[in-house]
file entry.txt (compact mmCIF, C-alpha atoms)
# COMPACT_ATOMS: atom_id res chain seq x y z
CA MET G 23 -15.67 -14.05 1.75
CA LYS G 24 -17.26 -10.95 3.25
CA ARG G 25 -14.83 -8.41 4.57
CA LEU G 26 -14.81 -8.39 8.36
CA SER G 27 -15.62 -5.31 10.36
CA THR G 28 -12.68 -3.04 11.09
CA LYS G 29 -13.51 -3.59 14.75
CA ALA G 30 -12.47 -7.23 14.42
CA VAL G 31 -8.90 -6.40 15.43
CA THR G 32 -8.20 -5.19 18.96
CA LEU G 33 -4.86 -3.60 19.73
CA ILE G 34 -3.21 -4.02 23.08
CA ALA G 35 -0.99 -0.96 23.26
CA ALA G 36 1.75 -2.60 25.28
CA LEU G 37 5.45 -2.01 24.99
CA PHE G 38 6.32 -5.22 26.83
CA ALA G 39 8.27 -3.38 29.49
CA ALA G 40 9.60 -6.65 30.90
CA PHE G 41 11.83 -6.86 27.84
CA ALA G 42 13.05 -3.26 27.95
CA VAL G 43 16.59 -4.22 28.84
CA VAL G 44 19.04 -1.32 28.99
CA PHE G 45 22.01 -1.54 26.63
CA PRO G 46 24.69 0.96 25.63
CA VAL G 47 23.18 3.77 23.56
CA ARG G 48 23.90 3.44 19.82
CA ALA G 49 22.59 5.10 16.70
CA GLU G 50 18.99 4.06 16.11
CA LEU G 51 18.10 2.11 12.98
CA ARG G 52 16.32 4.49 10.63
CA ILE G 53 15.56 4.78 6.90
CA ASP G 54 15.27 8.27 5.41
CA ILE G 55 12.98 7.61 2.46
CA THR G 56 12.89 11.28 1.47
CA ARG G 57 16.41 11.07 0.05
CA GLY G 58 15.52 8.97 -2.97
CA VAL G 59 17.03 5.57 -3.66
CA VAL G 60 18.12 3.78 -0.49
CA GLU G 61 19.79 0.43 0.09
CA PRO G 62 17.21 -2.06 1.42
CA VAL G 63 17.61 -2.83 5.13
CA PRO G 64 18.33 -6.52 5.85
CA ILE G 65 15.55 -7.63 8.21
CA ALA G 66 15.05 -11.07 9.75
CA VAL G 67 11.39 -12.05 10.10
CA THR G 68 11.12 -15.24 12.13
CA ASP G 69 8.17 -17.61 12.18
CA PHE G 70 5.86 -16.61 15.03
CA SER G 71 5.94 -19.31 17.68
CA GLY G 72 2.95 -21.18 19.13
CA SER G 73 2.17 -24.04 21.48
CA THR G 74 -0.01 -26.07 19.10
CA THR G 75 0.25 -27.10 15.47
CA GLY G 76 -2.58 -24.72 14.57
CA GLU G 77 -0.97 -21.77 16.37
CA ARG G 78 2.36 -22.45 14.68
CA GLN G 79 0.68 -22.57 11.25
CA TYR G 80 -0.93 -19.18 11.86
CA GLY G 81 2.47 -17.94 13.03
CA ASN G 82 4.22 -19.16 9.89
CA ASP G 83 1.57 -17.61 7.64
CA ILE G 84 1.59 -14.26 9.46
CA ALA G 85 5.40 -14.04 9.29
CA ALA G 86 5.34 -14.82 5.56
CA VAL G 87 2.85 -12.01 4.84
CA ILE G 88 4.86 -9.51 6.92
CA ALA G 89 8.08 -10.39 5.09
CA ALA G 90 6.36 -10.15 1.69
CA ASP G 91 4.85 -6.74 2.51
CA LEU G 92 8.18 -5.32 3.62
CA GLU G 93 10.06 -6.80 0.66
CA ARG G 94 7.59 -5.35 -1.87
CA SER G 95 8.17 -1.87 -0.49
CA GLY G 96 11.74 -2.00 -1.79
CA LEU G 97 13.02 -0.62 1.51
CA PHE G 98 13.62 -3.98 3.22
CA ARG G 99 15.39 -7.19 2.25
CA PRO G 100 14.19 -10.18 4.29
CA VAL G 101 17.11 -12.38 5.30
CA ASP G 102 16.94 -15.96 4.02
CA ARG G 103 15.48 -18.05 6.85
CA ARG G 104 17.93 -20.84 6.11
CA ALA G 105 20.66 -18.56 7.46
CA PHE G 106 19.01 -18.16 10.90
CA ILE G 107 21.11 -19.43 13.80
CA GLN G 108 18.82 -18.77 16.77
CA SER G 109 15.52 -20.68 16.75
CA ALA G 110 12.14 -18.96 17.01
CA GLU G 111 11.40 -20.83 20.26
CA SER G 112 14.51 -19.57 22.04
CA LEU G 113 13.59 -16.00 21.08
CA ASN G 114 10.85 -16.11 23.71
CA THR G 115 13.50 -15.03 26.22
CA LEU G 116 15.84 -12.57 24.51
CA PRO G 117 17.51 -12.47 21.09
CA ARG G 118 21.14 -13.50 20.90
CA PHE G 119 22.06 -10.39 18.96
CA GLY G 120 25.46 -11.74 17.93
CA ASP G 121 23.73 -14.59 16.08
CA TRP G 122 21.75 -12.04 14.04
CA ARG G 123 24.66 -9.69 13.40
CA VAL G 124 26.73 -12.52 11.95
CA ILE G 125 24.08 -13.03 9.21
CA ASN G 126 24.01 -9.24 8.60
CA ALA G 127 20.45 -8.67 9.89
CA GLN G 128 20.01 -5.07 11.00
CA ALA G 129 16.48 -5.57 12.31
CA LEU G 130 14.72 -8.58 13.81
CA VAL G 131 11.01 -9.38 13.99
CA GLN G 132 9.77 -12.05 16.36
CA GLY G 133 6.27 -12.97 17.50
CA ARG G 134 3.93 -15.42 19.11
CA VAL G 135 0.41 -16.66 18.36
CA GLN G 136 -2.00 -17.99 20.99
CA MET G 137 -5.58 -19.23 20.69
CA VAL G 138 -7.40 -17.80 23.70
CA GLU G 139 -10.45 -19.25 25.46
CA ASP G 140 -13.05 -17.18 23.57
CA GLY G 141 -11.80 -18.54 20.23
CA ARG G 142 -9.85 -15.45 19.19
CA LEU G 143 -6.19 -15.28 18.25
CA ARG G 144 -3.74 -13.27 20.31
CA VAL G 145 -0.89 -12.16 18.06
CA GLU G 146 2.07 -10.33 19.56
CA PHE G 147 5.26 -9.13 17.93
CA ARG G 148 8.47 -7.34 18.78
CA LEU G 149 10.82 -5.39 16.51
CA TRP G 150 14.47 -5.29 17.58
CA ASP G 151 17.35 -3.10 16.46
CA VAL G 152 20.08 -5.75 16.19
CA PHE G 153 23.11 -3.45 16.37
CA ALA G 154 21.75 -1.20 19.12
CA GLU G 155 20.42 -4.33 20.90
CA GLN G 156 17.21 -2.53 21.75
CA GLN G 157 13.51 -3.20 21.28
CA MET G 158 12.00 -0.65 18.92
CA VAL G 159 8.34 -1.58 19.28
CA GLY G 160 6.22 -4.35 20.78
CA LEU G 161 2.47 -4.74 20.37
CA ALA G 162 -0.27 -7.37 20.66
CA TYR G 163 -3.57 -7.83 18.83
CA TYR G 164 -6.71 -9.89 19.37
CA THR G 165 -8.70 -10.98 16.34
CA ILE G 166 -10.90 -13.76 15.02
CA PRO G 167 -8.85 -16.44 13.22
CA GLY G 168 -10.23 -15.56 9.79
CA ASN G 169 -8.72 -12.10 10.07
CA TRP G 170 -5.12 -13.22 10.54
CA ARG G 171 -3.96 -11.80 7.21
CA ARG G 172 -5.13 -8.31 8.13
CA VAL G 173 -3.22 -8.52 11.42
CA ALA G 174 -0.09 -9.34 9.43
CA HIS G 175 -0.59 -6.22 7.28
CA ILE G 176 -1.11 -4.09 10.42
CA ILE G 177 2.13 -5.43 11.92
CA ALA G 178 4.00 -4.71 8.67
CA ASP G 179 2.64 -1.15 8.79
CA SER G 180 3.91 -0.76 12.37
CA ILE G 181 7.38 -1.95 11.39
CA TYR G 182 7.46 0.30 8.32
CA GLN G 183 6.39 3.34 10.36
CA ARG G 184 8.84 2.69 13.20
CA ILE G 185 11.85 2.42 10.89
CA THR G 186 10.95 5.02 8.24
CA GLY G 187 8.99 7.54 10.30
CA GLU G 188 6.25 7.43 7.63
CA SER G 189 2.86 5.76 7.94
CA GLY G 190 2.57 2.41 6.21
CA TYR G 191 0.21 1.38 3.41
CA PHE G 192 -0.13 -2.40 3.70
CA ASP G 193 -3.49 -2.53 5.50
CA THR G 194 -5.33 -1.21 2.45
CA ARG G 195 -7.43 -2.39 -0.47
CA ILE G 196 -7.43 -1.85 -4.23
CA VAL G 197 -10.53 -1.56 -6.38
CA TYR G 198 -9.98 -2.00 -10.11
CA ILE G 199 -11.54 -3.08 -13.40
CA ALA G 200 -11.14 -6.80 -14.16
CA GLU G 201 -11.07 -7.37 -17.93
CA ALA G 202 -11.64 -10.43 -20.07
CA GLY G 203 -12.64 -11.32 -23.62
CA PRO G 204 -11.68 -10.07 -27.09
CA GLN G 205 -10.81 -6.42 -27.65
CA ASN G 206 -13.98 -5.74 -29.64
CA ASN G 207 -16.21 -7.25 -26.95
CA ARG G 208 -14.40 -6.65 -23.68
CA ILE G 209 -16.11 -7.65 -20.40
CA LYS G 210 -15.21 -5.21 -17.61
CA ARG G 211 -16.17 -5.98 -14.02
CA LEU G 212 -15.65 -4.10 -10.79
CA ALA G 213 -13.30 -6.04 -8.46
CA ILE G 214 -11.67 -5.50 -5.08
CA MET G 215 -8.68 -7.04 -3.32
CA ASP G 216 -6.13 -6.40 -0.59
CA GLN G 217 -3.11 -4.39 -1.72
CA ASP G 218 -1.10 -7.61 -2.07
CA GLY G 219 -3.71 -9.21 -4.36
CA HIS G 220 -5.30 -11.52 -1.77
CA ASN G 221 -8.95 -11.64 -0.60
CA HIS G 222 -9.99 -10.96 -4.18
CA ARG G 223 -13.66 -10.76 -5.15
CA PHE G 224 -15.80 -9.38 -7.97
CA LEU G 225 -18.35 -6.70 -7.15
CA THR G 226 -20.30 -6.67 -10.43
CA ASP G 227 -21.31 -9.49 -12.76
CA GLY G 228 -20.03 -8.03 -16.03
CA SER G 229 -23.44 -7.44 -17.58
CA ALA G 230 -22.72 -3.69 -17.76
CA LEU G 231 -19.43 -2.05 -18.71
CA VAL G 232 -17.80 -0.29 -15.73
CA LEU G 233 -14.94 2.24 -15.68
CA THR G 234 -12.93 4.55 -13.38
CA PRO G 235 -13.75 3.30 -9.87
CA ARG G 236 -12.68 5.54 -6.96
CA PHE G 237 -12.78 5.00 -3.19
CA SER G 238 -14.65 7.17 -0.75
CA PRO G 239 -12.59 8.48 2.19
CA THR G 240 -14.98 6.45 4.40
CA LEU G 241 -13.88 3.16 2.70
CA GLN G 242 -17.48 1.95 2.58
CA GLU G 243 -18.33 3.26 -0.87
CA ILE G 244 -16.95 3.35 -4.41
CA THR G 245 -17.97 5.77 -7.12
CA TYR G 246 -17.60 4.68 -10.74
CA MET G 247 -19.00 5.07 -14.23
CA SER G 248 -21.14 2.38 -15.84
CA TYR G 249 -22.76 2.14 -19.25
CA TYR G 250 -26.49 1.44 -19.03
CA LYS G 251 -28.17 1.03 -22.45
CA ASN G 252 -25.03 2.58 -23.97
CA VAL G 253 -25.38 5.71 -21.81
CA PRO G 254 -22.63 6.39 -19.23
CA ARG G 255 -23.91 7.10 -15.74
CA VAL G 256 -22.25 7.67 -12.37
CA TYR G 257 -23.02 5.22 -9.57
CA ILE G 258 -22.11 4.74 -5.94
CA PHE G 259 -21.52 1.17 -4.74
CA ASN G 260 -21.65 0.26 -1.03
CA ILE G 261 -18.97 -2.38 -0.43
CA ASP G 262 -20.54 -3.82 2.73
CA THR G 263 -24.13 -4.14 1.45
CA GLY G 264 -23.52 -4.54 -2.29
CA ARG G 265 -26.11 -1.83 -2.94
CA GLN G 266 -25.66 0.21 -6.12
CA GLU G 267 -27.13 3.71 -6.29
CA LEU G 268 -27.49 5.96 -9.33
CA LEU G 269 -26.25 9.46 -8.55
CA GLY G 270 -28.70 11.07 -10.94
CA ASP G 271 -30.17 10.96 -14.42
CA PHE G 272 -28.05 13.71 -15.92
CA PRO G 273 -28.94 15.19 -19.31
CA GLY G 274 -25.46 14.59 -20.75
CA MET G 275 -22.67 12.04 -20.58
CA THR G 276 -20.84 11.85 -17.25
CA PHE G 277 -17.18 10.92 -16.75
CA ALA G 278 -14.39 10.46 -14.20
CA PRO G 279 -16.23 10.78 -10.85
CA ARG G 280 -14.24 11.29 -7.65
CA PHE G 281 -15.25 11.86 -4.04
CA THR G 282 -14.51 15.09 -2.21
CA PRO G 283 -11.91 14.72 0.60
CA ASP G 284 -14.67 14.62 3.24
CA GLY G 285 -16.70 12.04 1.31
CA LYS G 286 -19.79 14.27 1.29
CA GLY G 287 -19.67 15.14 -2.38
CA VAL G 288 -18.54 14.05 -5.82
CA VAL G 289 -16.76 15.99 -8.56
CA MET G 290 -17.09 14.85 -12.17
CA SER G 291 -17.15 15.89 -15.79
CA MET G 292 -20.42 16.15 -17.71
CA ALA G 293 -20.86 16.70 -21.44
CA LYS G 294 -23.74 18.89 -22.55
CA ASP G 295 -24.25 19.99 -26.15
CA GLY G 296 -20.92 18.42 -27.08
CA ASN G 297 -18.90 20.32 -24.44
CA SER G 298 -17.46 18.78 -21.27
CA GLU G 299 -17.40 20.84 -18.08
CA ILE G 300 -16.63 20.04 -14.45
CA TYR G 301 -19.42 19.85 -11.89
CA SER G 302 -19.67 19.08 -8.18
CA MET G 303 -22.56 17.35 -6.44
CA ASP G 304 -23.57 17.38 -2.77
CA LEU G 305 -24.44 13.76 -1.96
CA ARG G 306 -26.94 14.76 0.74
CA THR G 307 -28.99 17.30 -1.22
CA ARG G 308 -28.08 16.10 -4.75
CA ALA G 309 -27.50 19.76 -5.60
CA ILE G 310 -25.23 20.20 -8.65
CA ARG G 311 -22.85 23.11 -9.14
CA ARG G 312 -21.01 23.96 -12.36
CA LEU G 313 -17.33 24.76 -11.73
CA THR G 314 -15.91 25.43 -15.21
CA ASP G 315 -17.34 27.38 -18.12
CA HIS G 316 -15.20 27.13 -21.22
CA SER G 317 -15.68 26.11 -24.84
CA SER G 318 -12.91 23.51 -24.55
CA ILE G 319 -13.01 20.06 -22.91
CA ASP G 320 -12.49 20.10 -19.11
CA THR G 321 -12.32 16.69 -17.42
CA SER G 322 -10.57 14.37 -14.90
CA PRO G 323 -11.01 16.59 -11.81
CA CYS G 324 -9.35 15.67 -8.49
CA TYR G 325 -9.40 17.57 -5.21
CA ALA G 326 -6.35 18.51 -3.18
CA PRO G 327 -6.43 16.70 0.19
CA ASP G 328 -7.47 19.92 1.98
CA GLY G 329 -10.40 20.37 -0.44
CA ARG G 330 -9.40 23.91 -1.38
CA ARG G 331 -8.21 23.29 -4.94
CA ILE G 332 -8.96 21.00 -7.87
CA VAL G 333 -6.57 19.76 -10.53
CA PHE G 334 -7.99 18.81 -13.93
CA ASN G 335 -6.97 18.49 -17.56
CA SER G 336 -8.20 20.69 -20.40
CA ASP G 337 -7.36 21.48 -24.02
CA ARG G 338 -8.30 25.15 -23.56
CA GLY G 339 -4.69 26.11 -24.35
CA GLY G 340 -4.69 24.21 -27.65
CA THR G 341 -3.31 20.91 -26.30
CA GLN G 342 -4.29 18.65 -23.41
CA GLN G 343 -2.63 20.12 -20.30
CA LEU G 344 -3.05 20.22 -16.51
CA TYR G 345 -4.74 23.09 -14.69
CA VAL G 346 -5.43 23.93 -11.06
CA MET G 347 -8.40 25.99 -9.84
CA ASP G 348 -10.00 26.89 -6.52
CA SER G 349 -12.74 24.55 -5.35
CA ASP G 350 -15.39 27.06 -6.45
CA GLY G 351 -14.01 27.12 -10.02
CA GLY G 352 -12.15 30.40 -9.74
CA ASN G 353 -8.47 31.28 -10.18
CA VAL G 354 -7.71 28.78 -12.98
CA GLN G 355 -3.98 28.37 -13.63
CA ARG G 356 -2.12 26.11 -16.06
CA ILE G 357 0.64 24.08 -14.37
CA SER G 358 2.02 21.75 -17.12
CA PHE G 359 4.31 23.24 -19.76
CA GLY G 360 6.46 20.32 -20.90
CA ASP G 361 6.39 18.64 -24.29
CA GLY G 362 3.51 16.29 -24.95
CA ARG G 363 -0.03 15.97 -23.62
CA TYR G 364 -1.05 15.47 -19.97
CA ALA G 365 -4.05 13.64 -18.50
CA THR G 366 -5.56 11.84 -15.46
CA PRO G 367 -4.06 14.09 -12.74
CA VAL G 368 -4.31 12.83 -9.14
CA TRP G 369 -3.34 14.86 -6.09
CA SER G 370 -1.12 13.10 -3.53
CA PRO G 371 -2.68 12.46 -0.08
CA ARG G 372 0.25 14.47 1.30
CA GLY G 373 -0.62 17.42 -0.91
CA ASP G 374 2.96 17.82 -2.12
CA LEU G 375 2.73 16.24 -5.59
CA ILE G 376 0.34 15.59 -8.48
CA ALA G 377 0.65 12.34 -10.45
CA PHE G 378 -0.32 12.28 -14.11
CA THR G 379 -0.26 10.42 -17.40
CA LYS G 380 1.88 11.93 -20.17
CA MET G 381 1.73 11.16 -23.90
CA LEU G 382 4.82 12.05 -25.92
CA ARG G 383 6.14 10.80 -29.29
CA GLY G 384 3.99 7.69 -29.33
CA LYS G 385 4.75 6.61 -25.75
CA PHE G 386 2.92 6.89 -22.45
CA TYR G 387 4.53 7.92 -19.17
CA ILE G 388 3.51 8.04 -15.52
CA GLY G 389 5.02 11.05 -13.78
CA VAL G 390 4.73 13.48 -10.89
CA MET G 391 5.09 17.24 -10.48
CA LYS G 392 4.60 19.77 -7.72
CA PRO G 393 1.22 21.57 -7.57
CA ASP G 394 2.76 24.65 -9.18
CA GLY G 395 4.04 22.54 -12.11
CA SER G 396 7.69 22.53 -11.09
CA GLY G 397 9.86 19.47 -10.51
CA GLU G 398 8.34 17.23 -13.18
CA ARG G 399 9.70 13.68 -13.06
CA LEU G 400 8.76 10.72 -15.26
CA LEU G 401 8.77 7.42 -13.37
CA THR G 402 7.94 4.80 -16.00
CA GLU G 403 7.09 4.49 -19.70
CA ALA G 404 5.14 1.98 -21.77
CA PHE G 405 3.27 1.27 -24.97
CA HIS G 406 0.23 2.41 -22.98
CA ALA G 407 0.28 3.41 -19.28
CA GLU G 408 -2.46 5.29 -17.51
CA GLY G 409 -4.54 5.82 -14.38
CA PRO G 410 -2.12 6.59 -11.51
CA THR G 411 -3.44 6.21 -7.96
CA TRP G 412 -1.62 7.01 -4.71
CA SER G 413 -0.91 4.88 -1.66
CA PRO G 414 -2.35 6.57 1.44
CA ASN G 415 1.12 7.64 2.61
CA GLY G 416 1.90 9.30 -0.74
CA ARG G 417 5.08 7.28 -1.31
CA VAL G 418 3.95 4.68 -3.88
CA LEU G 419 1.86 4.79 -7.05
CA MET G 420 -0.23 2.16 -8.80
CA TYR G 421 -1.34 2.37 -12.44
CA PHE G 422 -2.02 0.03 -15.33
CA LYS G 423 -0.03 -0.84 -18.42
CA GLU G 424 -1.20 -2.38 -21.65
CA LYS G 425 1.01 -4.14 -24.16
CA PRO G 426 0.25 -5.87 -27.47
CA VAL G 427 0.64 -9.64 -27.49
CA SER G 428 -0.31 -10.47 -31.08
CA GLU G 429 -0.36 -8.98 -34.54
CA GLU G 430 -4.15 -9.38 -34.55
CA GLY G 431 -4.52 -6.65 -31.92
CA GLY G 432 -4.48 -8.69 -28.72
CA ILE G 433 -3.73 -6.64 -25.59
CA VAL G 434 -2.66 -7.63 -22.07
CA SER G 435 -3.44 -5.17 -19.28
CA LYS G 436 -1.82 -5.39 -15.84
CA VAL G 437 -1.65 -3.25 -12.69
CA TYR G 438 1.79 -2.14 -11.49
CA SER G 439 3.22 -0.31 -8.52
CA ILE G 440 6.29 1.91 -8.32
CA ASP G 441 7.83 4.15 -5.66
CA LEU G 442 8.52 7.85 -6.05
CA THR G 443 12.15 7.27 -6.97
CA GLY G 444 11.05 5.50 -10.15
CA TYR G 445 12.52 2.22 -8.90
CA ASN G 446 10.98 -0.98 -7.56
CA GLU G 447 8.35 -1.35 -10.28
CA ARG G 448 6.30 -4.50 -9.66
CA VAL G 449 3.29 -6.17 -11.21
CA VAL G 450 0.26 -6.74 -8.96
CA VAL G 451 -1.01 -10.26 -9.62
CA THR G 452 -4.71 -10.45 -10.52
CA PRO G 453 -6.81 -13.40 -11.78
CA LYS G 454 -7.71 -11.55 -14.98
CA ASP G 455 -6.42 -8.56 -16.92
CA ALA G 456 -6.64 -5.40 -14.82
CA SER G 457 -6.97 -1.64 -15.36
CA ASP G 458 -8.07 1.56 -13.61
CA PRO G 459 -6.79 0.78 -10.08
CA ALA G 460 -7.80 2.94 -7.11
CA TRP G 461 -6.04 2.72 -3.75
CA SER G 462 -8.05 2.94 -0.54
CA PRO G 463 -7.11 4.94 2.54
CA LEU G 464 -5.72 2.98 5.50
CA ILE G 465 -8.42 0.80 7.04
CA PRO G 466 -9.25 2.29 10.48

call {"tool": "encode", "arguments": {"input": "entry.txt", "output": "structure tokens"}}
result
Amino acid sequence: MKRLSTKAVTLIAALFAAFAVVFPVRAELRIDITRGVVEPVPIAVTDFSGSTTGERQYGNDIAAVIAADLERSGLFRPVDRRAFIQSAESLNTLPRFGDWRVINAQALVQGRVQMVEDGRLRVEFRLWDVFAEQQMVGLAYYTIPGNWRRVAHIIADSIYQRITGESGYFDTRIVYIAEAGPQNNRIKRLAIMDQDGHNHRFLTDGSALVLTPRFSPTLQEITYMSYYKNVPRVYIFNIDTGRQELLGDFPGMTFAPRFTPDGKGVVMSMAKDGNSEIYSMDLRTRAIRRLTDHSSIDTSPCYAPDGRRIVFNSDRGGTQQLYVMDSDGGNVQRISFGDGRYATPVWSPRGDLIAFTKMLRGKFYIGVMKPDGSGERLLTEAFHAEGPTWSPNGRVLMYFKEKPVSEEGGIVSKVYSIDLTGYNERVVVTPKDASDPAWSPLIP
């Protein structure tokens, strides 16, 4: 199904003042996610009420998606609905907060779905602090019925932001490489899905091998590498139109393309005369600029979110390590000094950390460090783990892991997510094997 326009959801910025009942002031419910591991907050997400069978079905489905989003974050624990005392229908007046405290719910989500005359859905929700007995947020949205799942993600983002103080990441998409077939003849297709694995579709037919997809900041385009007649080339794919565009017929092999933070350019590695260097390209003029000039291999470039610096990996020091340079290629500085080899660096959208792949003593690790190389932390290890990508709020990583499944060399590849504490690692369900994930920005 074609992705609907981002304009298909209309927000009614209402705080439902009629429900702003004054209660004694108590400490506000809040999660400080900067402190590391936190105990998940028990949250009750009720079925959204409705007047008709169809409205109630939408309400049940929306509530289920909200609860699943919040639970996957690791910061919330949805209360078992079988424990609810107050019914969803009676919540249309006011919550009986004592009924929710007795089942240990600290937060309560209620909502209502209505089909309006023009055929759109009106979806409203309220988030309550159970112990303070206060409404924390209340909003309403209008959308076409087919877009109900996206509304659920937007509501989950609002709840996440109100309680944590950080922007959410649920209303996003993942582009990745879908894999199938034997190891010596692997079919790799470009695929896209919502961050929870739903609304999945393939973007390419598998006739050409594709690798390393990356989102544009505009969300409309993906850059990736594809082998055409056994020659790797960099392409741009427009998600809305399905149009594929070759960036250029470069004289050497091209690798690891990424967009600039403003989406107006691409940075990539090109191999000429057996040596890989980093180049930038202006997408409007197609002008190419060489950024590195060294006899060693320089590859996997990624801009800082402000566009002023680039992190990349190079073996110019004798082993594969991480380096940072200015966006014009000057002021190159090595930042990784631990044991092992480092690769696939990716700058956090917040600018505070760089994620990477580390290879040490026959194992692979996904880790993070500060841009100056300090504070290195390894979050997960595997037989083979690679390709970290950041959630748009810089609090969660996705990557892929491979593991052998037979003595004959069979491999299973899956995408995983993990938070910055190194806890809450979860597999992202895909219809086929999956690798090289890339997380989109929040959908505007």

call {"tool": "closest_residue", "arguments": {"input": "entry.txt", "among": "G:Gly81, G:Gln157, G:His220, G:Trp170", "to": "Pro117 of chain G", "atoms": "only C-alpha atoms"}}
result
G:Gln157

call {"tool": "residues_near_point", "arguments": {"input": "entry.txt", "point": "(3.5, 15.8, -4.2)", "cutoff": "10 Å", "atoms": "only C-alpha atoms", "output": "PyMOL selection string"}}
result
chain G and resi 368-377+390-393+397+416-417+442

call {"tool": "write_last_selection", "arguments": {"input": "entry.txt", "atoms": "C-alpha atoms", "output": "compact mmCIF listing (two decimals), keeping the file's coordinate frame"}}
result
# COMPACT_ATOMS: atom_id res chain seq x y z
CA VAL G 368 -4.31 12.83 -9.14
CA TRP G 369 -3.34 14.86 -6.09
CA SER G 370 -1.12 13.10 -3.53
CA PRO G 371 -2.68 12.46 -0.08
CA ARG G 372 0.25 14.47 1.30
CA GLY G 373 -0.62 17.42 -0.91
CA ASP G 374 2.96 17.82 -2.12
CA LEU G 375 2.73 16.24 -5.59
CA ILE G 376 0.34 15.59 -8.48
CA ALA G 377 0.65 12.34 -10.45
CA VAL G 390 4.73 13.48 -10.89
CA MET G 391 5.09 17.24 -10.48
CA LYS G 392 4.60 19.77 -7.72
CA PRO G 393 1.22 21.57 -7.57
CA GLY G 397 9.86 19.47 -10.51
CA GLY G 416 1.90 9.30 -0.74
CA ARG G 417 5.08 7.28 -1.31
CA LEU G 442 8.52 7.85 -6.05

call {"tool": "atom_distance", "arguments": {"input": "entry.txt", "atom1": "atom CA of Pro204 of chain G", "atom2": "atom CA of Ile433 of chain G"}}
result
8.8 Å

call {"tool": "atom_distance", "arguments": {"input": "entry.txt", "atom1": "atom CA of Ile214 of chain G", "atom2": "atom CA of Met381 of chain G"}}
result
28.5 Å

call {"tool": "atom_distance", "arguments": {"input": "entry.txt", "atom1": "atom CA of Ala110 of chain G", "atom2": "atom CA of Phe98 of chain G"}}
result
20.4 Å

call {"tool": "residues_near_point", "arguments": {"input": "entry.txt", "point": "(-15.2, -18.0, 20.8)", "cutoff": "12 Å", "atoms": "all atoms listed in the file", "output": "PyMOL selection string"}}
result
chain G and resi 137-143+164-167

call {"tool": "residues_around", "arguments": {"input": "entry.txt", "residues": "Asp350 of chain G", "least_positions_apart": "3", "cutoff": "12 Å", "atoms": "all atoms listed in the file", "output": "list in words"}}
result
Val289, Ile300, Tyr301, Ser302, Arg311, Arg312, Leu313, Thr314, Asp315, Tyr325, Gly329, Arg330, Arg331, Ile332, Val346, Met347, Asn353 and Val354 of chain G

call {"tool": "closest_residue", "arguments": {"input": "entry.txt", "among": "G:Leu113, G:Val145, G:Val131, G:Ala309", "to": "Leu92 of chain G", "atoms": "only C-alpha atoms"}}
result
G:Val131

call {"tool": "closest_residue", "arguments": {"input": "entry.txt", "among": "G:Ala230, G:Val418, G:Val256, G:Val135", "to": "Asn82 of chain G", "atoms": "all atoms listed in the file"}}
result
G:Val135

call {"tool": "residues_around", "arguments": {"input": "entry.txt", "residues": "Glu267 of chain G", "least_positions_apart": "3", "cutoff": "12 Å", "atoms": "only C-alpha atoms", "output": "ChimeraX atom specification"}}
result
/G:243-248,255-261,263-264,270-271,305

call {"tool": "write_last_selection", "arguments": {"input": "entry.txt", "atoms": "C-alpha atoms", "output": "PDB file, keeping the file's coordinate frame"}}
result
ATOM      1  CA  GLU G 243     -18.330   3.260  -0.870  1.00  0.00           C
ATOM      2  CA  ILE G 244     -16.950   3.350  -4.410  1.00  0.00           C
ATOM      3  CA  THR G 245     -17.970   5.770  -7.120  1.00  0.00           C
ATOM      4  CA  TYR G 246     -17.600   4.680 -10.740  1.00  0.00           C
ATOM      5  CA  MET G 247     -19.000   5.070 -14.230  1.00  0.00           C
ATOM      6  CA  SER G 248     -21.140   2.380 -15.840  1.00  0.00           C
ATOM      7  CA  ARG G 255     -23.910   7.100 -15.740  1.00  0.00           C
ATOM      8  CA  VAL G 256     -22.250   7.670 -12.370  1.00  0.00           C
ATOM      9  CA  TYR G 257     -23.020   5.220  -9.570  1.00  0.00           C
ATOM     10  CA  ILE G 258     -22.110   4.740  -5.940  1.00  0.00           C
ATOM     11  CA  PHE G 259     -21.520   1.170  -4.740  1.00  0.00           C
ATOM     12  CA  ASN G 260     -21.650   0.260  -1.030  1.00  0.00           C
ATOM     13  CA  ILE G 261     -18.970  -2.380  -0.430  1.00  0.00           C
ATOM     14  CA  THR G 263     -24.130  -4.140   1.450  1.00  0.00           C
ATOM     15  CA  GLY G 264     -23.520  -4.540  -2.290  1.00  0.00           C
ATOM     16  CA  GLY G 270     -28.700  11.070 -10.940  1.00  0.00           C
ATOM     17  CA  ASP G 271     -30.170  10.960 -14.420  1.00  0.00           C
ATOM     18  CA  LEU G 305     -24.440  13.760  -1.960  1.00  0.00           C
TER      19      LEU G 305
END
